[in-house]
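Inspection log for the structure reproduced underneath, given as structure tokens.
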Amino acid sequence: MPINPTAHPVIAPINGRWSPYRFDDRSVETEKLAQCFEAASWAASSFNEQPWRWMIASREQTGEFQRMLACLLPANQEWAGKAGALVLPAYRTKFTRNDN
């Protein structure tokens with residue numbers, strides 16, 4: 001059974017491949033997002049600083065979602081606009097303990 005729409009028949013492994021450019025335009029549950037970022041916050045870091053930060057906009061947060069989408073190149077906006085949530089990563093460039 002074809003998974004991806006193709007203009008011409010292709011073998012199953014190619015047709016069934018996953019692509020980061022294909023999204024269902026449905027919501028991602030808040031609890032699932034919270035679980036993902038809770039797990040990420042426990043990743044190892046230098047001096048236990050956890051310098052990473054994330055800005056998250058679900059598709060229900062229409063204004064925030066559109067503002068984050070506008071940060072992308074037009075070609076990426078087309079496919080990313082179908083995602084259930086957008087995430088922009090950020091990080092601190094200096095340690096809080098000594099400002100280095």
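A note on labels: chains of the structure tokens are A, B, ... as shown, every chain counts residues from 1, and ligands are counted from 1 in their shown order.
Neighbouring residues of segment 89-91 of chain A at 12 Å or closer, counting only C-alpha atoms and skipping chain neighbours under 3 positions away, are Phe37, Ala40, Ser45, Glu49, Gln50, Pro51, Trp52, Arg53, Trp54, Met55, Ile56, Ala57, Met68, Leu86, Lys94 and Phe95 of chain A.
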List every residue of chain A that DSSP, applied to the backbone of this structure, assigns to helix (DSSP H, G or I), and report them as a VMD selection string. chain A and resid 12 to 15 30 to 41 46 to 48 62 to 69 74 to 80
List the spatial neighbours of Phe65 of chain A as a PyMOL selection string - criterion: any atom at most 12 Å away, only C-alpha atoms, same-chain residues fewer than 6 positions off excluded. chain A and resi 27+55-59+71-72+77+80-88
Atom CA of Tyr21 of chain A to atom CA of Asn76 of chain A measures 8.6 Å
Could you check the closest approach to Glu60 of chain A for each of A:Ala7, A:Ile14, A:Ala43, A:Val28 and tell me which residue wins, using only C-alpha atoms? A:Val28
When DSSP is applied to the backbone of this structure, which of segment 6-94 of chain A are assigned strand (DSSP E)? Write them out as an MDAnalysis selection string. chainID A and resid 52:58 85:91
Set the distance at 12 Å and use only C-alpha atoms: which residues neighbour Ser19 of chain A once local chain neighbours fewer than 5 positions away are removed? I'd like the list as a ChimeraX atom specification. /A:3-4,14,24,79
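In this model, the gap between atom CA of Leu33 of chain A and atom CA of Thr96 of chain A comes to 26.7 Å.
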What is the distance between atom CA of Arg22 of chain A and atom CA of Thr6 of chain A, in Å to one decimal? 13.5 Å
